[in-house]
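> Okay, handing you the structure first.
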Amino acid sequence: MTKKAFIFDLDGVIVDTAKYHFLAWQKLAQELGIEFTPEHNEQLKGVSRVRSLDIILELGNVQASQEDKNKWLIQKNEDYLSYLVDIDESEILPGVLPVLHYLKDKNQLIALGSASKNAKPILEKTGIINLFDAIVDGNDVSNAKPDPEVFLQAARKLNATNENSIVFEDSVAGIQAANIANMVSIGIGDATTLHEAKYIFKDFTFIDISFIESLIN
């Protein structure tokens with residue numbers, strides 16, 4: 001039987017580090033006199049750090065030099081990393097571990113496909129890095145989702161075809177990237193937002209192991 005490649009996004013799929021991104025962006029926005037709400041934050045899902053800053057500056061009609069932008073990007077990342085210092089396995093979202101362990105028991109291939117440049121330390125701190133056969137993160141890719149580069153690289157590292165690859169994503173851009181790559185897209189989150197996904201679950205606690213079994217077969 002052909003092994004399948006199961007590719008997971010990180011933020012909002014395996015761990016909820018999205019809340020720390022929000023806090024770091026909100027802190028920066030406040031310092032720049034820009035109101036930044038959880039609703040605004042939805043626009044940043046699956047978007048690169050550079051583009052995220054541009055979106056925030058547009059919200060406040062703030063013009064800035066490249067020098068200032070670079071300084072703010074570093075500041076935002078340092079604030080974000082300061083929130084991550086104390087994270088542990090309790091940050092893993094409900095229902096994720098049983099799925100990862102089941103895939104491992106069934107000798108399936110598991111990869112991370114994330115835009116985060118901090119993916120490896122997060123996987124290490126949460127104690128699950130050894131469950132992954134391949135990791136592709138923001139340090140490895142030059143194109144942001146919906147460009148499928150991150151997933152194509154992950155499949156390549158696992159020696160898997162696109163058709164045998166299954167992607168778990170919580171962002172519209174991520175679902176689009178999986179679809180463009182001709183991979184099976186599974187949306188984790190809101191059904192109306194992620195309607196382009198082949199399958200959608202509110203979170204991993206709604207995924208039955210029999211569904212994972214059907215994907216393997």
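Each chain of the structure tokens is named A, B, ... in the order shown, its residues numbered from 1; ligands are numbered from 1 in display order.
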Check stretch 25-133 of chain A with DSSP on the backbone and list each residue it calls strand (DSSP E), as number ranges by chain.

A: 109-113

> Within 10 Å of A:Asp88, counting only C-alpha atoms, which residues show up once you throw out same-chain ones fewer than 2 positions away? Write them as JSON, numbers by chain, please.

{"A": [84, 85, 86, 90, 91, 92, 122, 123, 124, 125, 126, 127]}

> Please produce a file of those selected residues containing C-alpha atoms, as a PDB file, in the first residue's frame.


```
ATOM      1  CA  LEU A  84       6.704  31.757  23.369  1.00  0.00           C
ATOM      2  CA  VAL A  85       9.346  31.362  26.090  1.00  0.00           C
ATOM      3  CA  ASP A  86       6.990  29.516  28.434  1.00  0.00           C
ATOM      4  CA  SER A  90      -0.480  22.286  26.870  1.00  0.00           C
ATOM      5  CA  GLU A  91      -0.479  24.621  23.836  1.00  0.00           C
ATOM      6  CA  ILE A  92      -1.236  21.720  21.456  1.00  0.00           C
ATOM      7  CA  ILE A 122       7.650  25.627  18.827  1.00  0.00           C
ATOM      8  CA  LEU A 123       7.630  21.907  17.939  1.00  0.00           C
ATOM      9  CA  GLU A 124      10.558  21.347  20.305  1.00  0.00           C
ATOM     10  CA  LYS A 125       8.949  23.207  23.213  1.00  0.00           C
ATOM     11  CA  THR A 126       5.660  21.315  22.762  1.00  0.00           C
ATOM     12  CA  GLY A 127       7.564  18.003  22.637  1.00  0.00           C
TER      13      GLY A 127
END
```

> Restrict the calculation to only C-alpha atoms, then for each residue of stretch 73-146 of chain A with any atom at most 12 Å from an atom of stretch 155-179 of chain A give the closest atom pair and their distance in Å to one decimal, rows by chain and rising residue number, as JSON lines.


```
{"residue": "A:Val96", "atom": "CA", "partner": "A:Phe168", "partner_atom": "CA", "distance": 10.8}
{"residue": "A:Val99", "atom": "CA", "partner": "A:Phe168", "partner_atom": "CA", "distance": 11.5}
{"residue": "A:Leu100", "atom": "CA", "partner": "A:Phe168", "partner_atom": "CA", "distance": 11.8}
{"residue": "A:Gln108", "atom": "CA", "partner": "A:Leu158", "partner_atom": "CA", "distance": 10.2}
{"residue": "A:Leu109", "atom": "CA", "partner": "A:Leu158", "partner_atom": "CA", "distance": 6.7}
{"residue": "A:Ile110", "atom": "CA", "partner": "A:Leu158", "partner_atom": "CA", "distance": 8.0}
{"residue": "A:Ala111", "atom": "CA", "partner": "A:Leu158", "partner_atom": "CA", "distance": 7.6}
{"residue": "A:Leu112", "atom": "CA", "partner": "A:Val167", "partner_atom": "CA", "distance": 9.5}
{"residue": "A:Gly113", "atom": "CA", "partner": "A:Val167", "partner_atom": "CA", "distance": 8.6}
{"residue": "A:Ser114", "atom": "CA", "partner": "A:Gly174", "partner_atom": "CA", "distance": 9.2}
{"residue": "A:Ala115", "atom": "CA", "partner": "A:Gly174", "partner_atom": "CA", "distance": 9.8}
{"residue": "A:Phe132", "atom": "CA", "partner": "A:Leu158", "partner_atom": "CA", "distance": 10.3}
{"residue": "A:Asp133", "atom": "CA", "partner": "A:Leu158", "partner_atom": "CA", "distance": 7.2}
{"residue": "A:Ala134", "atom": "CA", "partner": "A:Lys157", "partner_atom": "CA", "distance": 6.3}
{"residue": "A:Ile135", "atom": "CA", "partner": "A:Lys157", "partner_atom": "CA", "distance": 8.5}
{"residue": "A:Val136", "atom": "CA", "partner": "A:Lys157", "partner_atom": "CA", "distance": 8.7}
{"residue": "A:Asp140", "atom": "CA", "partner": "A:Lys157", "partner_atom": "CA", "distance": 11.9}
{"residue": "A:Asn143", "atom": "CA", "partner": "A:Ala177", "partner_atom": "CA", "distance": 10.8}
{"residue": "A:Ala144", "atom": "CA", "partner": "A:Ala173", "partner_atom": "CA", "distance": 8.7}
{"residue": "A:Lys145", "atom": "CA", "partner": "A:Ala173", "partner_atom": "CA", "distance": 5.3}
{"residue": "A:Pro146", "atom": "CA", "partner": "A:Ala177", "partner_atom": "CA", "distance": 4.3}
```

> Pick out the closest residue to A:Gly189 from this set: A:Leu23, A:Phe151, A:Glu67, A:Val13. Count only C-alpha atoms.

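Ranked by minimum distance to A:Gly189, first place goes to A:Val13.
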
> Using only C-alpha atoms, which residue out of A:Thr17, A:Leu81, A:Lys45, A:Gly95 lies closest to A:Ile207?

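Closest candidate: A:Gly95.
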
> Applying 10 Å and only C-alpha atoms, which residues near stretch 28-41 of chain A remain after dropping the ones on its own chain fewer than 6 positions away? List them as a PyMOL selection string.

chain A and resi 18-19+21-22+52-53+55-62+72-73+75-76+79

> Selected residues, N, CA, C and O atoms, written as a compact mmCIF listing (two decimals), in the first residue's frame, please.


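Full text of selection-v1.txt as output:
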```
# COMPACT_ATOMS: atom_id res chain seq x y z
N ALA A 18 -1.36 31.64 17.22
CA ALA A 18 -1.94 32.81 16.54
C ALA A 18 -2.25 33.92 17.55
O ALA A 18 -2.10 35.10 17.24
N LYS A 19 -2.67 33.52 18.76
CA LYS A 19 -3.02 34.54 19.77
C LYS A 19 -1.81 35.38 20.17
O LYS A 19 -1.93 36.56 20.46
N HIS A 21 0.79 35.99 18.11
CA HIS A 21 1.02 36.89 16.97
C HIS A 21 0.12 38.12 17.12
O HIS A 21 0.57 39.25 16.92
N PHE A 22 -1.15 37.87 17.45
CA PHE A 22 -2.10 38.97 17.59
C PHE A 22 -1.64 39.96 18.66
O PHE A 22 -1.63 41.18 18.44
N SER A 52 1.79 41.43 6.52
CA SER A 52 0.99 41.73 7.72
C SER A 52 1.23 43.15 8.20
O SER A 52 0.30 43.88 8.53
N LEU A 53 2.51 43.53 8.23
CA LEU A 53 2.84 44.90 8.66
C LEU A 53 2.22 45.93 7.71
O LEU A 53 1.65 46.93 8.16
N ILE A 55 -0.46 45.64 5.95
CA ILE A 55 -1.92 45.68 6.20
C ILE A 55 -2.22 46.58 7.41
O ILE A 55 -3.13 47.41 7.38
N ILE A 56 -1.42 46.42 8.46
CA ILE A 56 -1.63 47.22 9.68
C ILE A 56 -1.37 48.71 9.40
O ILE A 56 -2.15 49.58 9.83
N LEU A 57 -0.30 49.00 8.66
CA LEU A 57 0.01 50.40 8.33
C LEU A 57 -1.10 51.01 7.47
O LEU A 57 -1.46 52.18 7.64
N GLU A 58 -1.66 50.19 6.56
CA GLU A 58 -2.78 50.67 5.72
C GLU A 58 -4.00 50.99 6.59
O GLU A 58 -4.71 51.97 6.33
N LEU A 59 -4.24 50.18 7.61
CA LEU A 59 -5.37 50.42 8.52
C LEU A 59 -5.27 51.80 9.16
O LEU A 59 -6.28 52.47 9.38
N GLY A 60 -4.04 52.21 9.48
CA GLY A 60 -3.86 53.50 10.15
C GLY A 60 -3.42 54.61 9.22
O GLY A 60 -3.09 55.71 9.68
N ASN A 61 -3.42 54.32 7.89
CA ASN A 61 -2.93 55.29 6.90
C ASN A 61 -1.55 55.83 7.27
O ASN A 61 -1.27 57.02 7.16
N VAL A 62 -0.69 54.91 7.73
CA VAL A 62 0.66 55.31 8.15
C VAL A 62 1.65 55.03 7.02
O VAL A 62 1.72 53.92 6.51
N TRP A 72 10.45 47.69 12.85
CA TRP A 72 9.19 47.24 13.46
C TRP A 72 9.00 45.73 13.32
O TRP A 72 8.46 45.08 14.21
N LEU A 73 9.44 45.17 12.19
CA LEU A 73 9.33 43.72 11.98
C LEU A 73 10.18 42.96 13.01
O LEU A 73 9.73 41.95 13.56
N GLN A 75 11.10 44.15 15.95
CA GLN A 75 10.45 44.40 17.26
C GLN A 75 9.26 43.46 17.46
O GLN A 75 9.11 42.87 18.53
N LYS A 76 8.42 43.33 16.42
CA LYS A 76 7.25 42.46 16.52
C LYS A 76 7.67 41.02 16.78
O LYS A 76 7.10 40.33 17.63
N ASP A 79 8.86 40.55 20.36
CA ASP A 79 7.71 40.49 21.28
C ASP A 79 7.03 39.13 21.20
O ASP A 79 6.69 38.52 22.22
```

> Would you return as an MDAnalysis selection string the members of stretch 23-107 of chain A that DSSP assigns to helix (DSSP H, G or I) on this structure's backbone?

chainID A and resid 23:31 38:44 49:59 66:84 89:91 96:105

> Quick check, in Å to one decimal: how far apart do atom CA of A:Asp203 and atom CA of A:Ile128 lie?

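A separation of 18.8 Å between them.
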
> One decimal, in Å: what's the spacing between atom CA of A:Asp190 and atom CA of A:Glu89?

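Spanning atom CA of A:Asp190 to atom CA of A:Glu89 is a straight-line distance of 24.4 Å.
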
> What does the distance from atom CA of A:Ser82 to atom CA of A:Gln43 come to in Å, to one decimal?

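Rounded to one decimal, the two atoms are 23.3 Å apart.
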